[in-house]
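The structure file start16.csv is reproduced below (CSV, C-alpha atoms).
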```csv
chain,number,residue,atom,x,y,z
A,1,MET,CA,-12.0,-31.8,-1.5
A,2,GLN,CA,-9.9,-28.8,-2.4
A,3,HIS,CA,-8.8,-26.4,0.4
A,4,ARG,CA,-10.3,-23.0,-0.5
A,5,ILE,CA,-8.0,-20.0,-0.1
A,6,VAL,CA,-9.5,-16.6,-0.7
A,7,VAL,CA,-7.2,-13.6,-1.0
A,8,LEU,CA,-8.9,-10.2,-0.6
A,9,GLY,CA,-7.1,-7.3,-2.4
A,10,ALA,CA,-4.5,-7.5,-5.1
A,11,GLY,CA,-2.1,-4.7,-4.2
A,12,TYR,CA,1.5,-5.5,-3.6
A,13,THR,CA,0.8,-7.8,-0.7
A,14,GLY,CA,-2.3,-9.6,-1.8
A,15,ALA,CA,-0.9,-10.3,-5.3
A,16,ILE,CA,2.4,-11.5,-4.0
A,17,ALA,CA,0.7,-13.8,-1.5
A,18,ALA,CA,-1.6,-15.3,-4.1
A,19,GLY,CA,1.2,-15.9,-6.5
A,20,ARG,CA,3.5,-17.4,-3.9
A,21,LEU,CA,0.8,-19.7,-2.6
A,22,ALA,CA,0.2,-20.9,-6.2
A,23,LYS,CA,3.8,-21.9,-6.4
A,24,ARG,CA,4.0,-23.5,-3.0
A,25,LEU,CA,0.8,-25.7,-3.1
A,26,HIS,CA,-0.2,-28.4,-5.5
A,27,ARG,CA,-2.9,-27.2,-7.9
A,28,GLU,CA,-5.1,-30.2,-7.4
A,29,ASP,CA,-5.3,-29.6,-3.7
A,30,VAL,CA,-6.3,-26.0,-3.5
A,31,ALA,CA,-8.8,-23.6,-5.0
A,32,LEU,CA,-7.1,-20.2,-4.9
A,33,THR,CA,-9.2,-17.1,-5.6
A,34,LEU,CA,-7.9,-13.5,-5.7
A,35,VAL,CA,-10.6,-10.8,-5.3
A,36,ASN,CA,-9.9,-7.3,-6.6
A,37,ALA,CA,-11.9,-4.4,-7.8
A,38,GLU,CA,-9.6,-3.5,-10.7
A,39,PRO,CA,-8.3,-5.8,-13.5
A,40,ASP,CA,-4.8,-4.3,-13.5
A,41,PHE,CA,-2.1,-4.2,-10.9
A,42,VAL,CA,-1.7,-0.7,-9.5
A,43,GLU,CA,1.8,0.5,-8.7
A,44,ARG,CA,0.8,2.5,-5.7
A,45,VAL,CA,4.3,3.8,-5.1
A,46,ARG,CA,4.1,5.5,-8.5
A,47,MET,CA,0.8,7.4,-8.0
A,48,HIS,CA,2.7,10.7,-7.7
A,49,GLN,CA,4.1,10.1,-11.1
A,50,LEU,CA,0.7,9.3,-12.6
A,51,ALA,CA,-0.7,12.5,-11.1
A,52,ALA,CA,2.2,14.5,-12.5
A,53,GLY,CA,1.3,13.5,-16.0
A,54,GLN,CA,3.4,10.4,-16.6
A,55,ASP,CA,1.9,7.2,-18.2
A,56,LEU,CA,2.5,4.0,-16.4
A,57,ARG,CA,2.9,0.6,-18.0
A,58,PRO,CA,-0.4,-1.5,-17.8
A,59,ARG,CA,-0.1,-4.7,-15.9
A,60,PRO,CA,-3.2,-6.8,-16.4
A,61,PHE,CA,-3.7,-9.5,-13.8
A,62,ARG,CA,-5.0,-11.9,-16.4
A,63,ASP,CA,-1.6,-11.9,-18.0
A,64,MET,CA,0.3,-11.9,-14.7
A,65,PHE,CA,-1.5,-14.9,-13.3
A,66,ALA,CA,-2.1,-16.9,-16.5
A,67,GLY,CA,-1.3,-20.5,-16.0
A,68,THR,CA,-0.8,-20.2,-12.3
A,69,GLY,CA,-4.1,-21.6,-11.1
A,70,VAL,CA,-5.0,-18.3,-9.4
A,71,ALA,CA,-8.7,-17.4,-10.2
A,72,LEU,CA,-9.2,-13.7,-10.5
A,73,LYS,CA,-12.6,-12.4,-9.4
A,74,LEU,CA,-13.3,-8.8,-10.3
A,75,ALA,CA,-15.4,-7.5,-7.4
A,76,THR,CA,-15.5,-5.2,-4.4
A,77,VAL,CA,-15.6,-6.7,-1.0
A,78,THR,CA,-18.7,-5.6,1.0
A,79,GLY,CA,-18.5,-7.9,4.0
A,80,VAL,CA,-16.6,-10.6,5.8
A,81,ASP,CA,-18.1,-13.0,8.3
A,82,VAL,CA,-15.2,-14.7,10.0
A,83,ASP,CA,-17.5,-16.9,12.1
A,84,ARG,CA,-19.3,-18.3,9.1
A,85,LYS,CA,-16.1,-18.2,7.0
A,86,THR,CA,-17.7,-16.3,4.1
A,87,VAL,CA,-17.0,-13.1,2.1
A,88,THR,CA,-19.6,-11.1,0.4
A,89,VAL,CA,-18.6,-9.3,-2.9
A,90,ASN,CA,-20.2,-7.2,-5.5
A,91,ALA,CA,-19.2,-7.9,-9.1
A,92,VAL,CA,-17.7,-5.0,-11.1
A,93,ASP,CA,-17.6,-4.3,-14.8
A,94,PRO,CA,-14.2,-5.4,-16.2
A,95,VAL,CA,-14.4,-2.7,-18.9
A,96,ASN,CA,-15.3,0.1,-16.4
A,97,PRO,CA,-14.3,-1.0,-12.9
A,98,VAL,CA,-15.6,2.2,-11.4
A,99,ASP,CA,-19.2,1.2,-12.2
A,100,THR,CA,-20.9,-1.9,-10.8
A,101,GLN,CA,-21.9,-4.6,-13.3
A,102,GLY,CA,-25.2,-4.0,-15.0
A,103,PRO,CA,-27.6,-1.1,-15.0
A,104,GLY,CA,-29.4,-2.1,-11.8
A,105,GLN,CA,-28.2,-3.4,-8.5
A,106,PRO,CA,-24.7,-4.9,-8.5
A,107,GLU,CA,-24.5,-8.7,-8.7
A,108,THR,CA,-23.8,-10.0,-5.1
A,109,GLU,CA,-22.0,-13.2,-4.4
A,110,GLU,CA,-21.0,-15.1,-1.3
A,111,LEU,CA,-17.6,-16.8,-1.3
A,112,GLU,CA,-16.8,-19.6,1.2
A,113,TYR,CA,-13.2,-20.1,2.4
A,114,ASP,CA,-11.1,-22.4,4.5
A,115,THR,CA,-8.2,-19.9,4.7
A,116,LEU,CA,-8.6,-16.2,4.2
A,117,VAL,CA,-5.8,-13.8,3.4
A,118,TYR,CA,-7.0,-10.2,4.2
A,119,ALA,CA,-5.0,-7.7,2.2
A,120,LEU,CA,-7.5,-4.9,1.5
A,121,GLY,CA,-4.9,-2.3,2.4
A,122,SER,CA,-5.6,1.3,3.2
A,123,GLY,CA,-7.0,4.5,1.7
A,124,TRP,CA,-6.4,8.2,2.4
A,125,ASN,CA,-7.1,9.6,5.8
A,126,ASP,CA,-8.7,13.1,5.9
A,127,GLN,CA,-8.0,13.2,9.7
A,128,GLY,CA,-11.4,14.7,10.2
A,129,VAL,CA,-10.2,18.1,9.0
A,130,PRO,CA,-13.0,20.3,7.6
A,131,GLY,CA,-13.1,20.6,3.8
A,132,VAL,CA,-10.6,17.9,3.0
A,133,ALA,CA,-13.1,15.5,1.6
A,134,GLU,CA,-14.8,18.2,-0.5
A,135,HIS,CA,-11.8,20.1,-1.8
A,136,ALA,CA,-8.5,18.1,-1.4
A,137,HIS,CA,-6.9,15.6,-3.8
A,138,GLN,CA,-5.3,12.3,-2.7
A,139,LEU,CA,-2.8,9.8,-4.0
A,140,ALA,CA,-3.8,6.6,-2.2
A,141,GLY,CA,-5.1,5.0,-5.4
A,142,ARG,CA,-5.4,5.3,-9.1
A,143,PRO,CA,-8.8,7.1,-9.2
A,144,GLY,CA,-7.5,9.9,-6.9
A,145,ALA,CA,-4.2,10.2,-8.8
A,146,LEU,CA,-6.1,10.6,-12.1
A,147,ARG,CA,-8.4,13.2,-10.7
A,148,LEU,CA,-5.4,15.2,-9.5
A,149,ARG,CA,-3.7,14.7,-12.9
A,150,GLU,CA,-6.8,16.2,-14.6
A,151,ARG,CA,-6.8,19.1,-12.2
A,152,LEU,CA,-3.2,19.9,-12.7
A,153,ALA,CA,-3.6,19.8,-16.5
A,154,ARG,CA,-6.2,22.5,-16.3
A,155,MET,CA,-4.2,24.8,-14.1
A,156,ASP,CA,-2.6,28.0,-15.5
A,157,ALA,CA,0.9,29.2,-14.9
A,158,GLY,CA,1.3,30.9,-11.6
A,159,GLU,CA,-1.5,29.0,-9.8
A,160,SER,CA,-0.7,27.5,-6.5
A,161,VAL,CA,-0.6,23.8,-5.3
A,162,VAL,CA,-0.2,23.0,-1.6
A,163,VAL,CA,0.9,19.5,-0.6
A,164,VAL,CA,-0.2,18.9,3.0
A,165,GLY,CA,2.0,16.3,4.8
A,166,GLY,CA,5.7,16.0,5.2
A,167,GLY,CA,6.1,12.3,5.0
A,168,LEU,CA,7.4,10.2,2.1
A,169,THR,CA,4.2,10.6,0.0
A,170,GLY,CA,4.2,14.4,0.5
A,171,LEU,CA,7.9,14.8,-0.4
A,172,GLU,CA,7.5,12.7,-3.5
A,173,ALA,CA,4.3,14.4,-4.6
A,174,ALA,CA,5.7,17.9,-4.1
A,175,THR,CA,8.9,17.3,-6.0
A,176,GLU,CA,7.3,15.4,-8.8
A,177,ILE,CA,4.7,18.1,-9.5
A,178,ALA,CA,7.3,20.8,-9.1
A,179,GLU,CA,9.6,19.2,-11.7
A,180,ALA,CA,6.8,18.4,-14.1
A,181,ARG,CA,5.1,21.9,-13.8
A,182,PRO,CA,7.8,24.5,-13.0
A,183,ASP,CA,5.3,27.1,-14.0
A,184,LEU,CA,3.1,26.4,-10.9
A,185,ASP,CA,3.7,27.7,-7.4
A,186,ILE,CA,4.3,24.6,-5.3
A,187,ALA,CA,4.3,24.6,-1.5
A,188,LEU,CA,4.5,21.9,1.2
A,189,ALA,CA,3.0,22.2,4.7
A,190,ALA,CA,4.6,20.0,7.3
A,191,ARG,CA,3.7,19.7,11.0
A,192,GLY,CA,7.4,19.4,11.9
A,193,GLU,CA,10.7,20.3,10.4
A,194,LEU,CA,11.2,19.3,6.8
A,195,GLY,CA,12.5,15.7,6.8
A,196,ASP,CA,13.0,15.7,10.5
A,197,TRP,CA,13.3,11.9,10.7
A,198,LEU,CA,16.2,11.8,8.2
A,199,SER,CA,20.0,12.0,8.9
A,200,PRO,CA,21.7,15.4,8.7
A,201,LYS,CA,23.0,14.5,5.2
A,202,GLY,CA,19.5,13.5,4.1
A,203,ARG,CA,17.9,16.7,5.4
A,204,ARG,CA,20.6,18.8,3.7
A,205,HIS,CA,20.0,17.1,0.4
A,206,LEU,CA,16.2,17.4,0.8
A,207,ARG,CA,16.5,21.2,1.3
A,208,LYS,CA,18.8,21.5,-1.6
A,209,VAL,CA,16.4,19.8,-4.0
A,210,PHE,CA,13.4,21.7,-2.7
A,211,GLY,CA,15.3,24.9,-3.2
A,212,LYS,CA,16.3,24.0,-6.7
A,213,LEU,CA,12.7,23.2,-7.6
A,214,GLY,CA,11.4,26.4,-6.0
A,215,ILE,CA,9.2,24.6,-3.5
A,216,THR,CA,8.0,26.8,-0.6
A,217,VAL,CA,8.1,24.9,2.7
A,218,HIS,CA,5.9,25.8,5.6
A,219,GLU,CA,7.4,24.0,8.6
A,220,HIS,CA,5.7,23.5,12.0
A,221,THR,CA,2.4,24.2,10.2
A,222,SER,CA,-0.8,22.3,11.0
A,223,VAL,CA,-3.5,22.6,8.4
A,224,THR,CA,-6.9,22.9,10.1
A,225,GLY,CA,-9.2,23.5,7.1
A,226,VAL,CA,-9.3,23.2,3.3
A,227,GLU,CA,-11.3,25.5,1.0
A,228,ALA,CA,-11.5,25.6,-2.7
A,229,ASP,CA,-8.8,28.3,-3.0
A,230,ARG,CA,-6.8,28.1,0.2
A,231,VAL,CA,-5.9,26.1,3.3
A,232,THR,CA,-6.2,27.5,6.9
A,233,THR,CA,-3.6,26.8,9.5
A,234,ALA,CA,-3.7,26.4,13.3
A,235,ASP,CA,-2.3,29.9,13.9
A,236,GLY,CA,-5.2,31.4,12.0
A,237,GLY,CA,-3.2,32.0,8.8
A,238,THR,CA,-4.0,31.0,5.3
A,239,ILE,CA,-2.0,29.7,2.3
A,240,PRO,CA,-3.3,30.2,-1.2
A,241,SER,CA,-4.1,26.8,-2.9
A,242,ALA,CA,-5.9,26.3,-6.2
A,243,ALA,CA,-5.2,22.6,-5.7
A,244,THR,CA,-4.6,20.9,-2.3
A,245,VAL,CA,-3.0,17.5,-2.2
A,246,TRP,CA,-3.6,15.7,1.1
A,247,THR,CA,-0.9,13.2,2.2
A,248,THR,CA,-1.1,13.1,6.0
A,249,GLY,CA,-1.3,9.3,6.3
A,250,PHE,CA,-3.5,6.4,5.5
A,251,ALA,CA,-6.6,4.8,7.1
A,252,VAL,CA,-7.3,1.1,6.8
A,253,HIS,CA,-10.3,-0.4,5.0
A,254,PRO,CA,-13.2,-0.4,7.5
A,255,ILE,CA,-14.5,-3.9,6.9
A,256,ALA,CA,-12.2,-5.6,9.4
A,257,ARG,CA,-13.6,-3.4,12.2
A,258,ALA,CA,-17.1,-4.7,11.5
A,259,THR,CA,-16.0,-8.3,12.1
A,260,THR,CA,-15.3,-10.3,15.3
A,261,LEU,CA,-11.6,-10.2,14.4
A,262,GLU,CA,-9.3,-8.7,17.1
A,263,VAL,CA,-8.4,-5.3,15.7
A,264,THR,CA,-6.6,-2.2,17.0
A,265,ASP,CA,-8.5,1.1,17.7
A,266,THR,CA,-7.6,2.1,14.1
A,267,GLY,CA,-9.0,-1.1,12.6
A,268,ARG,CA,-5.8,-3.0,11.9
A,269,ILE,CA,-6.0,-6.7,12.4
A,270,VAL,CA,-3.7,-8.0,15.1
A,271,VAL,CA,-1.5,-10.8,13.9
A,272,ASP,CA,1.2,-13.1,15.2
A,273,GLY,CA,4.7,-13.5,13.7
A,274,THR,CA,3.3,-15.6,10.8
A,275,MET,CA,0.7,-13.0,10.0
A,276,ARG,CA,-2.1,-15.1,11.4
A,277,SER,CA,-4.9,-13.4,13.2
A,278,VAL,CA,-4.5,-13.8,17.0
A,279,SER,CA,-8.3,-14.4,17.3
A,280,HIS,CA,-9.2,-16.4,14.2
A,281,PRO,CA,-6.5,-18.9,13.1
A,282,ASP,CA,-8.0,-19.4,9.6
A,283,VAL,CA,-7.5,-15.7,8.8
A,284,TYR,CA,-4.2,-14.1,7.8
A,285,ALA,CA,-3.7,-10.3,7.4
A,286,ILE,CA,-0.9,-8.6,5.5
A,287,GLY,CA,0.1,-5.1,4.5
A,288,ASP,CA,-1.5,-2.0,5.8
A,289,ALA,CA,-4.5,-3.9,7.1
A,290,ALA,CA,-2.4,-5.8,9.7
A,291,LEU,CA,-0.6,-4.8,12.9
A,292,ALA,CA,2.6,-6.8,12.9
A,293,MET,CA,5.5,-6.3,15.2
A,294,GLY,CA,9.0,-5.8,13.9
A,295,PRO,CA,12.4,-5.4,15.6
A,296,GLY,CA,12.4,-3.7,19.0
A,297,ASP,CA,8.7,-4.8,19.4
A,298,LYS,CA,7.7,-1.8,17.3
A,299,PRO,CA,4.7,-2.0,14.9
A,300,LEU,CA,5.7,-2.2,11.2
A,301,ARG,CA,4.7,1.0,9.4
A,302,MET,CA,2.3,1.1,6.5
A,303,SER,CA,4.5,0.7,3.5
A,304,CYS,CA,5.5,-1.5,0.6
A,305,ALA,CA,8.7,-2.1,2.5
A,306,SER,CA,6.7,-3.7,5.3
A,307,GLY,CA,4.0,-5.4,3.2
A,308,THR,CA,6.1,-7.4,0.8
A,309,PRO,CA,8.0,-9.5,3.5
A,310,MET,CA,4.6,-9.8,5.4
A,311,ALA,CA,3.2,-11.4,2.2
A,312,TRP,CA,6.1,-13.8,1.9
A,313,GLN,CA,5.7,-14.7,5.6
A,314,ALA,CA,2.0,-15.3,5.4
A,315,ALA,CA,2.1,-17.4,2.2
A,316,ASP,CA,4.9,-19.6,3.4
A,317,ALA,CA,3.2,-20.0,6.8
A,318,ILE,CA,-0.1,-21.1,5.2
A,319,ALA,CA,1.8,-23.5,2.9
A,320,ALA,CA,3.7,-24.9,5.8
A,321,ARG,CA,0.6,-25.5,7.9
A,322,LEU,CA,-1.3,-27.1,5.1
A,323,THR,CA,1.6,-29.4,4.0
A,324,GLY,CA,3.0,-30.2,7.4
A,325,GLY,CA,6.2,-28.2,6.6
A,326,LYS,CA,8.3,-26.0,8.8
A,327,LEU,CA,7.0,-22.6,9.7
A,328,PRO,CA,8.9,-19.6,8.4
A,329,ASN,CA,11.0,-17.7,10.9
A,330,ALA,CA,12.4,-14.9,8.7
A,331,PRO,CA,13.0,-11.5,10.4
A,332,LEU,CA,10.9,-8.6,9.3
A,333,ARG,CA,13.2,-5.6,9.3
A,334,TYR,CA,14.1,-2.4,7.4
A,335,PHE,CA,17.2,-1.5,5.5
A,336,ASN,CA,16.5,1.8,3.9
A,337,GLN,CA,13.9,4.4,2.9
A,338,CYS,CA,13.9,5.1,-0.8
A,339,ILE,CA,12.5,8.5,-1.8
A,340,SER,CA,12.1,9.8,-5.3
A,341,LEU,CA,12.5,13.6,-5.6
A,342,GLY,CA,11.4,14.0,-9.2
A,343,ARG,CA,12.9,12.0,-12.1
A,344,GLU,CA,16.5,13.3,-11.7
A,345,GLU,CA,17.0,13.3,-7.9
A,346,GLY,CA,16.5,10.9,-5.1
A,347,LEU,CA,17.4,10.1,-1.5
A,348,ILE,CA,18.2,6.7,-0.1
A,349,GLN,CA,18.2,6.9,3.7
A,350,TYR,CA,19.8,3.9,5.4
A,351,VAL,CA,18.1,2.9,8.6
A,352,THR,CA,18.4,0.5,11.5
A,353,ALA,CA,16.4,-2.7,11.6
A,354,ASP,CA,13.6,-0.8,13.5
A,355,ASP,CA,13.6,2.0,10.9
A,356,ARG,CA,15.7,4.7,12.6
A,357,ALA,CA,17.9,6.8,10.3
A,358,VAL,CA,21.6,6.3,10.4
A,359,ARG,CA,24.3,8.7,9.1
A,360,ALA,CA,24.7,7.0,5.7
A,361,ALA,CA,22.6,8.1,2.8
A,362,LEU,CA,22.8,8.1,-1.0
A,363,THR,CA,21.7,11.2,-2.9
A,364,GLY,CA,21.4,12.7,-6.4
A,365,ARG,CA,21.0,10.9,-9.7
A,366,PHE,CA,22.4,7.6,-8.4
A,367,ALA,CA,19.8,7.6,-5.7
A,368,ALA,CA,17.1,8.3,-8.3
A,369,VAL,CA,18.2,5.3,-10.4
A,370,TYR,CA,18.3,3.2,-7.2
A,371,LYS,CA,14.7,4.1,-6.3
A,372,GLU,CA,13.6,3.4,-9.9
A,373,LEU,CA,15.1,-0.1,-9.7
A,374,ILE,CA,13.3,-0.6,-6.3
A,375,CYS,CA,10.0,0.3,-7.9
A,376,LYS,CA,10.6,-2.0,-10.9
A,377,GLY,CA,11.7,-4.7,-8.6
A,378,ALA,CA,8.5,-4.4,-6.5
A,379,ALA,CA,6.3,-4.8,-9.6
A,380,TRP,CA,8.4,-7.7,-10.8
A,381,GLY,CA,8.1,-9.4,-7.5
A,382,VAL,CA,4.3,-9.4,-7.9
A,383,ALA,CA,4.5,-11.4,-11.1
A,384,ASN,CA,7.4,-13.5,-9.7
A,385,PRO,CA,6.5,-14.1,-6.1
A,386,THR,CA,9.2,-16.6,-5.3
A,387,LEU,CA,11.9,-14.2,-6.5
A,388,GLY,CA,13.3,-16.6,-9.1
A,389,LEU,CA,13.3,-19.6,-6.8
A,390,PRO,CA,12.3,-22.9,-8.4
A,391,THR,CA,8.6,-23.9,-8.1
A,392,ARG,CA,8.1,-26.4,-5.3
A,393,ARG,CA,4.4,-27.3,-5.1
A,394,ARG,CA,3.7,-29.5,-2.1
A,395,ARG,CA,0.7,-31.7,-1.4
A,396,VAL,CA,-1.8,-30.7,1.2
A,397,VAL,CA,-2.0,-33.3,3.9
A,398,PRO,CA,-5.0,-34.0,6.3
A,399,GLN,CA,-4.2,-32.2,9.5
A,400,PRO,CA,-5.8,-30.2,12.3
A,401,ALA,CA,-3.2,-27.5,11.6
A,402,LEU,CA,-5.6,-24.6,11.1
A,403,ALA,CA,-7.1,-25.3,14.5
A,404,ASP,CA,-3.6,-25.5,16.0
A,405,ALA,CA,-2.9,-22.4,18.1
A,406,SER,CA,0.9,-22.7,17.7
A,407,VAL,CA,2.5,-19.7,16.1
A,408,GLY,CA,5.8,-18.8,14.6
A,409,THR,CA,7.9,-15.8,15.3
A,410,ALA,CA,8.8,-13.1,12.7
A,411,ALA,CA,11.7,-11.5,14.5
```

Please, can you express the file's structure as structure tokens?
Amino acid sequence: MQHRIVVLGAGYTGAIAAGRLAKRLHREDVALTLVNAEPDFVERVRMHQLAAGQDLRPRPFRDMFAGTGVALKLATVTGVDVDRKTVTVNAVDPVNPVDTQGPGQPETEELEYDTLVYALGSGWNDQGVPGVAEHAHQLAGRPGALRLRERLARMDAGESVVVVGGGLTGLEAATEIAEARPDLDIALAARGELGDWLSPKGRRHLRKVFGKLGITVHEHTSVTGVEADRVTTADGGTIPSAATVWTTGFAVHPIARATTLEVTDTGRIVVDGTMRSVSHPDVYAIGDAALAMGPGDKPLRMSCASGTPMAWQAADAIAARLTGGKLPNAPLRYFNQCISLGREEGLIQYVTADDRAVRAALTGRFAAVYKELICKGAAWGVANPTLGLPTRRRRVVPQPALADASVGTAA
């Protein structure tokens, strides 16, 4: 009987894990199903480009996984029962994934699994601020980026755009929009100092680019409300905003919290060094959905930089346990933060293993090219999950490995 592996979510982490498992395990021994609500791979790190009016290359999963043995199921996940080892999904229309399949109720199906890889990721987080859900735009996925794209296309010269949030997404969104639409009045509101986590060289370059693009920066500014034409701040002030872009962080998919999995107070699944759930050994969690510890016993941040090695670790651990191989022991660490500042400028901030900025940083056009190569490499890695290594499919062996409580270490 084939070992049933179900992967939920086909973002960077889920798609990489599915492809890597397909190349690690013998096809006759496993039934590998990848569940995703969209038929194409979404380059989430490029959503600010899509919103600014650029067209992204389509990457259909059917082409990416052709001949691999990965079965793609277009569906939304509505429930996970980790005690019964089942997943409930609703089918979606492959032509129009926004709508459920058929004119009536969506087609519901229950999938059984032996091993589950939970990679449902995260969405935007309105932080409970009044008016955000009604009036703000977000860049956590393609639908939100397309809505912002449509809004920006309708805006007249001189109208104002306020980007709320001074993290990586906020910086990239503000600069991308400002470069694409120099006729608009772009502002960024940050709770702290602009780029306060960067090195002095990084902060100087960031201010230089923001100045060149004419972006107004409101530092030490907390936004407490969003209206159709303005945002309000904690000091009682207002900032005009015909379009508000909310980039203050991400919230994980709520399904895990509704299960008996051990999760954090924010709903992230607690995992060991091999990305296996500490409460349910047949469940692995990767990417934004998981709380994994990195160097210095610090939680890995939600990012592609964290998710990709987590996917490698989980896939290799699953394959090792199923085939009686050696568990992976690769360190999960950071090397740099890659920030695009429009198409012509960039900032590569080098960091310590636990993600603290060091003095060294690359800036300017070379940094922009570097970031572009990183983005292309991330997408290439989805379709080539073993990074060019030869395919080594191993046979699944009878073993009580999934009930084995032994864990590997990631760092």

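Between CA of Leu291 (chain A) and CA of Arg4 (chain A) lies a distance of 24.6 Å.
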
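The two atoms in question, CA of Phe65 (chain A) and CA of Asp93 (chain A), are spaced 19.3 Å apart.
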
Next item on the list: Go ahead and find all residues with at least one atom no further than 12 Å from (-1.7, 21.8, 11.6) in the file's coordinates, using all atoms listed in the file; report them as a VMD selection string.
Entry: chain A and resid 127 129 164 to 166 189 to 192 218 to 226 231 to 238 248

Margin query: Applying 12 Å and all atoms listed in the file, which residues near Glu109 (chain A) remain after dropping the ones on its own chain fewer than 4 positions away? List them as a PyMOL selection string.
Written below: chain A and resi 35+73-80+86-92

Check: Which neighbours of Ser306 (chain A) fall inside 12 Å, counting all atoms listed in the file, when residues of the same chain fewer than 3 positions from it are skipped, and could you give them as a ChimeraX atom specification?
Finding: /A:12-13,286-295,299-303,309-313,331-337,353-355,378
